[in-house]
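With mmCIF, C-alpha atoms inside, this is work-v1.cif:
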```cif
data_final
loop_
_atom_site.label_atom_id
_atom_site.label_comp_id
_atom_site.auth_asym_id
_atom_site.auth_seq_id
_atom_site.Cartn_x
_atom_site.Cartn_y
_atom_site.Cartn_z
CA MET A 1 44.44 13.74 -11.34
CA LYS A 2 40.95 14.28 -12.66
CA PHE A 3 38.87 17.41 -12.12
CA ILE A 4 35.45 18.59 -13.22
CA LEU A 5 34.90 22.30 -13.86
CA PHE A 6 31.41 23.79 -13.73
CA SER A 7 29.99 27.17 -14.82
CA ALA A 8 32.57 27.69 -17.56
CA ARG A 9 31.89 31.09 -19.12
CA GLU A 10 32.60 32.30 -22.63
CA ASP A 11 35.20 34.73 -21.32
CA GLU A 12 37.04 31.86 -19.56
CA LYS A 13 37.46 29.65 -22.65
CA GLU A 14 40.96 30.86 -23.51
CA ALA A 15 42.19 30.56 -19.91
CA ILE A 16 40.78 27.05 -19.57
CA ALA A 17 42.29 25.99 -22.90
CA SER A 18 45.72 27.35 -22.00
CA TYR A 19 45.68 25.56 -18.66
CA LYS A 20 44.78 22.24 -20.29
CA LYS A 21 47.53 22.72 -22.89
CA ASN A 22 50.18 23.50 -20.28
CA HIS A 23 49.10 20.76 -17.86
CA PRO A 24 48.53 17.55 -19.82
CA GLU A 25 48.90 15.59 -16.58
CA ILE A 26 45.53 17.00 -15.42
CA GLU A 27 42.37 15.51 -16.87
CA LEU A 28 39.84 18.34 -16.87
CA ASP A 29 36.21 17.92 -17.91
CA VAL A 30 34.43 21.22 -18.53
CA TYR A 31 30.72 22.10 -18.32
CA THR A 32 28.98 25.43 -18.79
CA ASP A 33 26.21 24.51 -16.34
CA HIS A 34 25.98 25.54 -12.70
CA ILE A 35 25.79 22.72 -10.16
CA THR A 36 22.05 22.06 -9.80
CA GLU A 37 19.76 19.11 -9.09
CA GLU A 38 19.64 18.52 -12.83
CA THR A 39 23.37 18.81 -13.59
CA MET A 40 25.00 17.30 -10.52
CA SER A 41 24.82 13.88 -12.20
CA HIS A 42 27.98 14.93 -14.08
CA ILE A 43 29.85 14.31 -10.82
CA LYS A 44 30.88 10.68 -11.00
CA LYS A 45 33.41 8.42 -9.33
CA GLY A 46 36.94 9.16 -10.37
CA TYR A 47 36.93 12.91 -9.90
CA ASP A 48 39.45 14.17 -7.38
CA GLY A 49 38.25 17.76 -7.38
CA VAL A 50 35.44 20.10 -8.34
CA ILE A 51 36.26 23.55 -9.74
CA ALA A 52 33.28 25.88 -9.37
CA SER A 53 32.20 29.49 -9.72
CA GLN A 54 28.59 30.22 -8.89
CA VAL A 55 26.51 32.48 -6.70
CA PRO A 56 23.23 30.50 -6.72
CA ALA A 57 23.18 27.95 -3.90
CA ILE A 58 24.45 24.46 -4.64
CA PRO A 59 21.91 21.79 -3.59
CA GLU A 60 22.88 19.91 -0.44
CA THR A 61 22.47 16.65 -2.32
CA ALA A 62 25.27 17.71 -4.66
CA TYR A 63 27.71 17.94 -1.76
CA TYR A 64 26.83 14.40 -0.69
CA LEU A 65 27.24 13.24 -4.29
CA MET A 66 30.73 14.78 -4.35
CA LYS A 67 31.63 12.79 -1.25
CA GLU A 68 30.26 9.56 -2.69
CA ALA A 69 32.19 10.16 -5.93
CA GLY A 70 35.45 10.53 -4.00
CA VAL A 71 35.92 14.27 -4.46
CA LYS A 72 38.56 15.50 -2.03
CA VAL A 73 38.87 19.18 -2.97
CA PHE A 74 36.36 21.88 -3.90
CA ALA A 75 38.01 24.94 -5.46
CA THR A 76 36.20 28.17 -6.27
CA ARG A 77 37.30 30.54 -9.02
CA SER A 78 36.73 33.52 -6.73
CA ALA A 79 38.07 35.18 -3.62
CA GLY A 80 34.72 34.97 -1.84
CA PHE A 81 33.36 31.66 -0.63
CA ASP A 82 30.40 32.65 1.57
CA MET A 83 27.97 31.36 -1.11
CA TYR A 84 28.94 27.74 -0.42
CA ASN A 85 27.85 25.40 2.38
CA LEU A 86 31.01 25.49 4.48
CA LYS A 87 29.49 23.48 7.32
CA LEU A 88 28.62 20.65 4.99
CA LEU A 89 32.01 20.70 3.25
CA LYS A 90 33.64 20.36 6.66
CA GLU A 91 31.33 17.54 7.76
CA LEU A 92 32.02 15.64 4.55
CA GLY A 93 35.78 16.16 4.78
CA ILE A 94 36.01 17.99 1.47
CA ARG A 95 38.75 20.61 1.53
CA LEU A 96 38.09 24.11 0.18
CA ALA A 97 40.34 26.35 -1.87
CA ARG A 98 39.78 29.88 -3.15
CA VAL A 99 41.75 32.52 -5.05
CA PRO A 100 42.46 35.27 -2.51
CA VAL A 101 44.66 37.29 -4.86
CA TYR A 102 44.04 37.31 -8.62
CA SER A 103 44.32 40.97 -9.61
CA PRO A 104 43.82 43.51 -6.84
CA PHE A 105 44.68 46.19 -9.40
CA ALA A 106 41.50 45.40 -11.38
CA ILE A 107 39.11 46.01 -8.50
CA ALA A 108 41.09 48.95 -7.12
CA GLU A 109 41.08 50.82 -10.43
CA PHE A 110 37.37 50.11 -10.94
CA ALA A 111 36.49 51.51 -7.52
CA PHE A 112 38.81 54.47 -8.14
CA THR A 113 37.17 55.17 -11.49
CA ASN A 114 33.68 55.09 -9.97
CA ALA A 115 34.75 57.42 -7.19
CA MET A 116 36.17 59.91 -9.69
CA TYR A 117 32.98 59.73 -11.79
CA PHE A 118 30.93 61.08 -8.92
CA SER A 119 33.70 63.27 -7.52
CA ARG A 120 33.70 65.31 -10.74
CA ASP A 121 29.87 65.30 -10.87
CA ILE A 122 29.76 63.53 -14.22
CA ASP A 123 26.36 62.05 -13.33
CA ILE A 124 24.94 65.57 -12.94
CA ILE A 125 26.64 66.80 -16.12
CA GLN A 126 25.22 63.92 -18.15
CA LYS A 127 21.72 64.38 -16.70
CA ASN A 128 21.81 68.10 -17.57
CA ASN A 129 23.12 67.39 -21.07
CA LYS A 130 20.05 65.28 -21.82
CA LEU A 131 17.90 68.23 -20.78
CA GLY A 132 19.80 70.63 -23.02
CA ASP A 133 21.20 72.42 -19.95
CA PHE A 134 24.83 73.28 -20.63
CA ARG A 135 25.24 76.05 -18.06
CA PHE A 136 27.99 76.36 -15.43
CA THR A 137 26.19 76.03 -12.07
CA ASP A 138 26.94 75.33 -8.42
CA GLU A 139 25.48 71.88 -9.01
CA ASN A 140 28.23 70.88 -11.45
CA THR A 141 31.09 72.76 -9.79
CA SER A 142 33.42 70.10 -8.36
CA THR A 143 35.97 70.01 -5.56
CA GLU A 144 39.33 68.68 -6.69
CA ILE A 145 40.22 65.30 -5.29
CA ARG A 146 43.35 66.66 -3.60
CA HIS A 147 41.09 68.61 -1.26
CA LYS A 148 39.09 65.53 -0.23
CA THR A 149 39.41 62.79 2.37
CA VAL A 150 39.12 59.22 1.15
CA GLY A 151 38.14 56.58 3.69
CA ILE A 152 39.07 52.95 3.00
CA ILE A 153 37.47 50.09 4.92
CA GLY A 154 39.96 47.23 4.75
CA THR A 155 43.58 47.57 3.63
CA GLY A 156 44.37 44.08 2.40
CA ASN A 157 45.46 43.30 -1.15
CA ILE A 158 42.79 45.44 -2.81
CA GLY A 159 42.43 48.16 -0.20
CA SER A 160 46.16 48.79 -0.21
CA GLN A 161 46.16 49.23 -3.99
CA ILE A 162 43.35 51.78 -3.94
CA ALA A 163 45.13 53.61 -1.12
CA LYS A 164 48.16 53.93 -3.39
CA LEU A 165 46.02 55.23 -6.26
CA PHE A 166 44.32 57.89 -4.15
CA SER A 167 47.51 58.92 -2.40
CA LYS A 168 49.01 59.83 -5.78
CA THR A 169 46.18 62.33 -6.38
CA GLY A 170 47.10 64.30 -3.29
CA ALA A 171 43.93 63.29 -1.43
CA LYS A 172 44.09 62.67 2.29
CA VAL A 173 43.68 58.92 2.79
CA ILE A 174 42.39 57.41 6.01
CA ALA A 175 41.57 53.78 6.70
CA TYR A 176 40.01 51.40 9.18
CA ASP A 177 41.17 47.81 9.50
CA ILE A 178 41.15 45.41 12.43
CA ALA A 179 44.73 44.53 11.44
CA PRO A 180 46.49 47.75 10.34
CA ASN A 181 49.30 47.41 7.82
CA LYS A 182 52.31 49.38 9.03
CA ALA A 183 53.79 49.34 5.53
CA LEU A 184 51.01 51.70 4.41
CA GLU A 185 51.43 54.29 7.13
CA ASP A 186 53.47 56.55 4.84
CA ILE A 187 50.46 57.01 2.53
CA LEU A 188 47.48 56.81 4.90
CA THR A 189 46.37 57.34 8.48
CA TYR A 190 44.49 54.66 10.38
CA VAL A 191 41.46 55.68 12.44
CA SER A 192 40.12 53.73 15.40
CA SER A 193 36.65 52.83 14.10
CA ALA A 194 34.38 52.67 11.08
CA GLU A 195 32.27 55.35 12.73
CA GLU A 196 35.21 57.76 12.86
CA LEU A 197 36.01 57.04 9.22
CA VAL A 198 32.43 57.73 8.08
CA GLU A 199 32.37 61.04 9.95
CA GLN A 200 35.57 62.29 8.26
CA SER A 201 35.27 60.98 4.70
CA ASP A 202 34.24 62.57 1.40
CA ILE A 203 34.58 59.18 -0.31
CA ILE A 204 34.09 55.79 1.37
CA THR A 205 35.19 52.58 -0.36
CA LEU A 206 34.77 49.04 1.02
CA HIS A 207 37.37 46.29 0.66
CA ILE A 208 36.67 43.63 3.31
CA PRO A 209 35.28 40.08 3.07
CA ALA A 210 31.82 38.96 4.06
CA SER A 211 31.48 37.47 7.53
CA GLU A 212 29.00 37.26 10.38
CA GLU A 213 30.74 40.22 11.99
CA SER A 214 30.62 42.39 8.86
CA TYR A 215 27.00 41.60 7.89
CA HIS A 216 25.17 44.90 7.25
CA MET A 217 28.11 46.77 8.73
CA PHE A 218 26.83 49.77 6.82
CA ASP A 219 23.31 50.26 8.13
CA LYS A 220 21.00 53.17 8.92
CA LYS A 221 22.91 54.02 12.09
CA LEU A 222 26.32 54.13 10.42
CA PHE A 223 25.09 56.11 7.40
CA SER A 224 23.53 58.64 9.77
CA LEU A 225 27.02 59.56 11.03
CA ALA A 226 28.11 60.89 7.64
CA LYS A 227 28.81 64.60 7.90
CA LYS A 228 30.24 65.40 4.45
CA LYS A 229 27.68 63.78 2.09
CA PRO A 230 30.26 61.18 1.01
CA ILE A 231 30.38 59.16 -2.19
CA PHE A 232 29.91 55.49 -1.27
CA ILE A 233 31.63 52.66 -3.16
CA ASN A 234 31.08 48.92 -2.65
CA ALA A 235 33.11 46.62 -4.88
CA ALA A 236 33.57 44.07 -2.09
CA ARG A 237 30.61 41.94 -0.92
CA GLY A 238 26.92 42.78 -1.08
CA SER A 239 26.13 41.63 2.45
CA LEU A 240 28.28 44.41 3.92
CA VAL A 241 25.53 46.90 3.14
CA ASP A 242 21.88 47.23 4.11
CA THR A 243 20.84 48.37 0.64
CA GLU A 244 17.51 49.89 1.72
CA ALA A 245 19.33 51.93 4.35
CA LEU A 246 21.82 53.09 1.70
CA LEU A 247 19.09 54.16 -0.71
CA ASP A 248 17.28 55.99 2.08
CA ALA A 249 20.54 57.75 3.01
CA ILE A 250 20.95 58.90 -0.60
CA ASP A 251 17.36 60.13 -0.73
CA ASN A 252 17.87 61.96 2.57
CA ASN A 253 21.06 63.57 1.22
CA GLN A 254 23.25 61.92 3.86
CA ILE A 255 25.10 60.20 1.00
CA ARG A 256 25.95 62.09 -2.21
CA ALA A 257 25.83 59.03 -4.49
CA ALA A 258 26.80 55.36 -4.60
CA ALA A 259 28.62 53.00 -6.95
CA ILE A 260 27.50 49.45 -6.22
CA ASP A 261 29.22 46.50 -7.89
CA THR A 262 27.97 43.84 -5.48
CA TYR A 263 24.37 43.51 -4.34
CA GLU A 264 23.39 41.25 -1.45
CA PHE A 265 20.69 39.41 -3.40
CA GLU A 266 22.33 39.40 -6.82
CA GLY A 267 22.17 35.60 -7.17
CA PRO A 268 19.19 35.38 -9.57
CA TYR A 269 20.76 37.95 -11.89
CA PHE A 270 24.45 37.08 -11.60
CA ASN A 271 26.01 36.80 -15.08
CA ARG A 272 22.58 36.48 -16.72
CA LYS A 273 20.43 38.45 -19.12
CA VAL A 274 17.01 38.91 -17.56
CA ASN A 275 13.76 40.62 -18.44
CA LEU A 276 13.46 43.48 -15.97
CA ASP A 277 9.68 43.17 -16.14
CA ASP A 278 10.09 39.78 -14.44
CA VAL A 279 12.22 41.11 -11.56
CA THR A 280 10.24 41.09 -8.30
CA ASP A 281 12.99 42.39 -6.02
CA ASP A 282 11.80 45.95 -5.32
CA VAL A 283 15.05 46.95 -3.65
CA PHE A 284 17.07 45.82 -6.66
CA LEU A 285 14.77 47.72 -9.02
CA ARG A 286 15.08 50.80 -6.84
CA LEU A 287 18.88 50.44 -7.01
CA LEU A 288 18.84 50.13 -10.81
CA LYS A 289 16.56 53.10 -11.37
CA HIS A 290 18.10 55.54 -8.92
CA ASP A 291 19.74 58.45 -10.73
CA ARG A 292 22.44 58.77 -8.06
CA VAL A 293 23.44 55.11 -8.11
CA LEU A 294 25.93 53.66 -10.57
CA TYR A 295 25.19 49.93 -10.53
CA SER A 296 27.50 47.40 -12.15
CA PRO A 297 26.87 43.62 -12.14
CA HIS A 298 29.84 42.33 -10.13
CA VAL A 299 32.33 43.20 -12.87
CA ALA A 300 34.99 45.13 -10.93
CA PHE A 301 37.32 42.13 -11.21
CA HIS A 302 36.62 41.50 -14.89
CA THR A 303 39.90 41.90 -16.77
CA TYR A 304 41.81 39.42 -18.92
CA THR A 305 44.53 39.15 -16.28
CA ALA A 306 42.05 38.44 -13.50
CA ILE A 307 40.15 35.81 -15.48
CA GLU A 308 43.29 33.87 -16.32
CA ASN A 309 44.53 34.02 -12.73
CA LEU A 310 41.18 32.92 -11.31
CA VAL A 311 41.03 29.87 -13.57
CA HIS A 312 44.68 28.85 -13.31
CA ILE A 313 45.11 29.45 -9.58
CA ALA A 314 41.87 27.63 -8.67
CA ILE A 315 42.86 24.51 -10.59
CA ASP A 316 46.46 24.69 -9.37
CA SER A 317 45.26 25.02 -5.78
CA ALA A 318 43.23 21.83 -6.03
CA LYS A 319 46.24 20.05 -7.52
CA ARG A 320 48.65 21.30 -4.87
CA ILE A 321 46.35 20.33 -1.99
CA LEU A 322 46.10 16.81 -3.41
CA GLN A 323 49.90 16.73 -3.66
CA GLY A 324 50.09 17.39 0.08
CA GLU A 325 51.18 21.03 -0.02
CA GLU A 326 50.17 23.60 2.57
CA ILE A 327 48.96 26.60 0.57
CA GLU A 328 47.53 30.03 1.40
CA GLU A 329 44.64 29.42 -0.99
CA GLU A 330 43.16 26.72 1.24
CA VAL A 331 40.33 27.82 3.53
CA LYS A 332 40.60 26.13 6.90
CA LEU A 333 37.10 24.86 7.68
#
```
Here is a file; write its structure as structure tokens.
Amino acid sequence: MKFILFSAREDEKEAIASYKKNHPEIELDVYTDHITEETMSHIKKGYDGVIASQVPAIPETAYYLMKEAGVKVFATRSAGFDMYNLKLLKELGIRLARVPVYSPFAIAEFAFTNAMYFSRDIDIIQKNNKLGDFRFTDENTSTEIRHKTVGIIGTGNIGSQIAKLFSKTGAKVIAYDIAPNKALEDILTYVSSAEELVEQSDIITLHIPASEESYHMFDKKLFSLAKKKPIFINAARGSLVDTEALLDAIDNNQIRAAAIDTYEFEGPYFNRKVNLDDVTDDVFLRLLKHDRVLYSPHVAFHTYTAIENLVHIAIDSAKRILQGEEIEEEVKL
């Protein structure tokens, strides 16, 4: 089998090298470039699969070139796949694989850490420190986590792990999921709607995939239902949140603060160093500059374990599909 891997990052070098060493039967050509109009010429006849990882849109012409070259499988080194042209992949008969589980612990602990940062008012403490204000005040007096209610949207692989983390603190954990997991009912209580969860929660954390149904699930109307000035965490997908509505809710004191690891329009900045003077996205700039927002550039997953699993499982998935296996990593188009 012969695969071509695009968008190889510096942090993936060791994982790619170890896979090649342990799988000499796989011919793997590696490029650091994204798939663009300029780089898609690397895709030539003889490749059985493309291994990708990019947020910027792939040109439609590149999909047709894959088909002409004989590519049968497109595998993404990510759990999400909404950034690819699924309709075109289906039309061209190219099968799609993703990595649904690579390290749920990584994202769960990142979201947990962000929640605790705001729960103990560390943002306020740090702001006051810089002003030389070291007094004990109502503003920096915290409520212990065991006296709070944590609301989890989505209790799949990641959501279930963060539920376990919070349950160990003594916090009350509630959750909303269209498919409740009975195995978690000893550590959390399911509510009947996202609206009910928002009304009851001191901390809200999102762990569901992007879809047409979940697009801007958290909008002005839903934020307006918050009664307890909750901390808001999104380490899932950017499109779940109307970011302007979130920022307005923070400014209106409906939301205490937010930790945002995924931004809906992060594509131009994803895994890049940019000059902020050149950024024209006013909402993104507002997000970056807000003193009650902790922004991180889609790094919740970023651990050594996760990187190795993403690389190895993506390549393995392409191989197993070509070998005729039915695997959970394949996305049915």
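Using the PyMOL selection byres ((chain A and resi 42) around 12) on this structure selects Phe3, Ile4, Leu5, Phe6, Asp29, Val30, Tyr31, Thr32, Asp33, His34, Ile35, Thr36, Glu37, Glu38, Thr39, Met40, Ser41, Ile43, Lys44, Lys45, Gly46, Tyr47, Val50, Ala62, Leu65, Met66 and Ala69 of chain A.
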Can you list what the PyMOL selection byres ((chain A and resi 10) around 12) grabs from this structure, as an mmCIF file with C-alpha atoms, in the frame of the given file?
```cif
data_model
loop_
_atom_site.group_PDB
_atom_site.id
_atom_site.type_symbol
_atom_site.label_atom_id
_atom_site.label_comp_id
_atom_site.auth_asym_id
_atom_site.auth_seq_id
_atom_site.Cartn_x
_atom_site.Cartn_y
_atom_site.Cartn_z
ATOM 1 C CA SER A 7 29.990 27.170 -14.820
ATOM 2 C CA ALA A 8 32.570 27.690 -17.560
ATOM 3 C CA ARG A 9 31.890 31.090 -19.120
ATOM 4 C CA ASP A 11 35.200 34.730 -21.320
ATOM 5 C CA GLU A 12 37.040 31.860 -19.560
ATOM 6 C CA LYS A 13 37.460 29.650 -22.650
ATOM 7 C CA GLU A 14 40.960 30.860 -23.510
ATOM 8 C CA ALA A 15 42.190 30.560 -19.910
ATOM 9 C CA ILE A 16 40.780 27.050 -19.570
ATOM 10 C CA ALA A 17 42.290 25.990 -22.900
ATOM 11 C CA VAL A 30 34.430 21.220 -18.530
ATOM 12 C CA TYR A 31 30.720 22.100 -18.320
ATOM 13 C CA THR A 32 28.980 25.430 -18.790
ATOM 14 C CA ASP A 33 26.210 24.510 -16.340
ATOM 15 C CA ASN A 271 26.010 36.800 -15.080
ATOM 16 C CA ILE A 307 40.150 35.810 -15.480
#
```
task: Quick one: everything within 9 Å of region 186-193 of chain A, counting all atoms listed in the file, minus sequence neighbours fewer than 3 positions away in the same chain. Send it as an NGL selection string.
output: :A and (163-164 or 167-168 or 172-178 or 180 or 182-183 or 196-198)
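Considering the residues A:Lys221, A:His216, A:Lys228, A:Lys21 and counting all atoms listed in the file, Val241 (chain A) has its shortest atom-to-atom contact with A:His216.
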field: Hits of the PyMOL selection byres ((chain A and resi 232) around 8) in this structure, as a list in words
entry: Ala115, Ile203, Ile204, Thr205, Pro230, Ile231, Ile233, Asn234, Ile255, Arg256, Ala257, Ala258 and Ala259 of chain A
task: For region 75-78 of chain A, list every protein, DNA or RNA residue within 9 Å, evaluated using all atoms listed in the file, and leave out those in the same chain fewer than 2 positions away; present the list as number ranges by chain.
output: A: 49-54, 73, 80-81, 95-102, 307, 309-315, 317-318, 330
- prompt: Counting all atoms listed in the file, which residues come within 9 Å of (26.8, 49.6, -2.7), with the point read in the file's coordinates, and could you list them as number ranges by chain?
  reply: A: 206, 232-238, 240-243, 246, 258-263, 293-295
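Here CA of Glu60 (chain A) stands at a distance of 9.9 Å from CA of Leu89 (chain A).
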query: Which value, in Å to one decimal, gives the distance between CA of Leu184 (chain A) and CA of Val150 (chain A)?
result: 14.4 Å
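With all atoms listed in the file as the atoms that count, the residue of A:Thr61, A:Gln254, A:Ser18, A:Asn140 with the shortest distance to Asn85 (chain A) is A:Thr61.
Straight-line separation from CA of Glu199 (chain A) to CA of His147 (chain A): 16.1 Å.
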Give me the residues near Ile107 (chain A) as a short mmCIF file (atom, residue, chain, number, x, y, z; two decimals) with C-alpha atoms, in the frame of the given file, where near means some atom within 7 Å (using all atoms listed in the file) and where sequence neighbours in that chain fewer than 6 positions away do not count.
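Written output follows (around-v4.cif):
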```cif
data_model
loop_
_atom_site.label_atom_id
_atom_site.label_comp_id
_atom_site.auth_asym_id
_atom_site.auth_seq_id
_atom_site.Cartn_x
_atom_site.Cartn_y
_atom_site.Cartn_z
CA ILE A 158 42.79 45.44 -2.81
CA ALA A 300 34.99 45.13 -10.93
CA PHE A 301 37.32 42.13 -11.21
#
```
- request: Excluding Gly93 (chain A) and any residue of its chain fewer than 4 positions from it, enumerate the residues within 10 Å of it, using all atoms listed in the file, and give them as a PyMOL selection string.
  value: chain A and resi 67+71-73+87-89+333
task: Rank nothing, just name the residue among A:Lys319, A:Lys227, A:Lys332, A:His207 nearest to Glu27 (chain A), using all atoms listed in the file.
output: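 Using all atoms listed in the file, Glu27 (chain A) sits closest to A:Lys319.
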Write out N, CA and C atoms for region 164-180 of chain A, as a JSON list (two decimals), in the coordinates of the input.
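Contents of out_33.json, as written:
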```json
[["chain", "number", "residue", "atom", "x", "y", "z"],
["A", 164, "LYS", "N", 47.04, 53.42, -2.60],
["A", 164, "LYS", "CA", 48.16, 53.93, -3.39],
["A", 164, "LYS", "C", 47.68, 54.82, -4.53],
["A", 165, "LEU", "N", 46.57, 54.42, -5.17],
["A", 165, "LEU", "CA", 46.02, 55.23, -6.26],
["A", 165, "LEU", "C", 45.58, 56.61, -5.76],
["A", 166, "PHE", "N", 44.82, 56.61, -4.67],
["A", 166, "PHE", "CA", 44.32, 57.89, -4.15],
["A", 166, "PHE", "C", 45.44, 58.76, -3.58],
["A", 167, "SER", "N", 46.43, 58.12, -2.98],
["A", 167, "SER", "CA", 47.51, 58.92, -2.40],
["A", 167, "SER", "C", 48.26, 59.71, -3.47],
["A", 168, "LYS", "N", 48.31, 59.15, -4.69],
["A", 168, "LYS", "CA", 49.01, 59.83, -5.78],
["A", 168, "LYS", "C", 48.25, 61.05, -6.29],
["A", 169, "THR", "N", 46.96, 61.17, -5.95],
["A", 169, "THR", "CA", 46.18, 62.33, -6.38],
["A", 169, "THR", "C", 46.36, 63.51, -5.44],
["A", 170, "GLY", "N", 46.96, 63.26, -4.29],
["A", 170, "GLY", "CA", 47.10, 64.30, -3.29],
["A", 170, "GLY", "C", 45.98, 64.30, -2.26],
["A", 171, "ALA", "N", 45.02, 63.38, -2.41],
["A", 171, "ALA", "CA", 43.93, 63.29, -1.43],
["A", 171, "ALA", "C", 44.47, 62.82, -0.09],
["A", 172, "LYS", "N", 43.79, 63.21, 0.97],
["A", 172, "LYS", "CA", 44.09, 62.67, 2.29],
["A", 172, "LYS", "C", 43.44, 61.30, 2.37],
["A", 173, "VAL", "N", 44.20, 60.29, 2.73],
["A", 173, "VAL", "CA", 43.68, 58.92, 2.79],
["A", 173, "VAL", "C", 43.68, 58.44, 4.23],
["A", 174, "ILE", "N", 42.51, 58.01, 4.69],
["A", 174, "ILE", "CA", 42.39, 57.41, 6.01],
["A", 174, "ILE", "C", 41.84, 55.99, 5.84],
["A", 175, "ALA", "N", 42.02, 55.16, 6.83],
["A", 175, "ALA", "CA", 41.57, 53.78, 6.70],
["A", 175, "ALA", "C", 41.20, 53.20, 8.06],
["A", 176, "TYR", "N", 40.33, 52.20, 7.99],
["A", 176, "TYR", "CA", 40.01, 51.40, 9.18],
["A", 176, "TYR", "C", 40.20, 49.94, 8.83],
["A", 177, "ASP", "N", 40.94, 49.24, 9.68],
["A", 177, "ASP", "CA", 41.17, 47.81, 9.50],
["A", 177, "ASP", "C", 41.45, 47.22, 10.86],
["A", 178, "ILE", "N", 40.90, 46.04, 11.12],
["A", 178, "ILE", "CA", 41.15, 45.41, 12.43],
["A", 178, "ILE", "C", 42.60, 44.96, 12.55],
["A", 179, "ALA", "N", 43.30, 44.88, 11.42],
["A", 179, "ALA", "CA", 44.73, 44.53, 11.44],
["A", 179, "ALA", "C", 45.49, 45.53, 10.58],
["A", 180, "PRO", "N", 45.81, 46.70, 11.12],
["A", 180, "PRO", "CA", 46.49, 47.75, 10.34],
["A", 180, "PRO", "C", 47.80, 47.26, 9.73]]
```
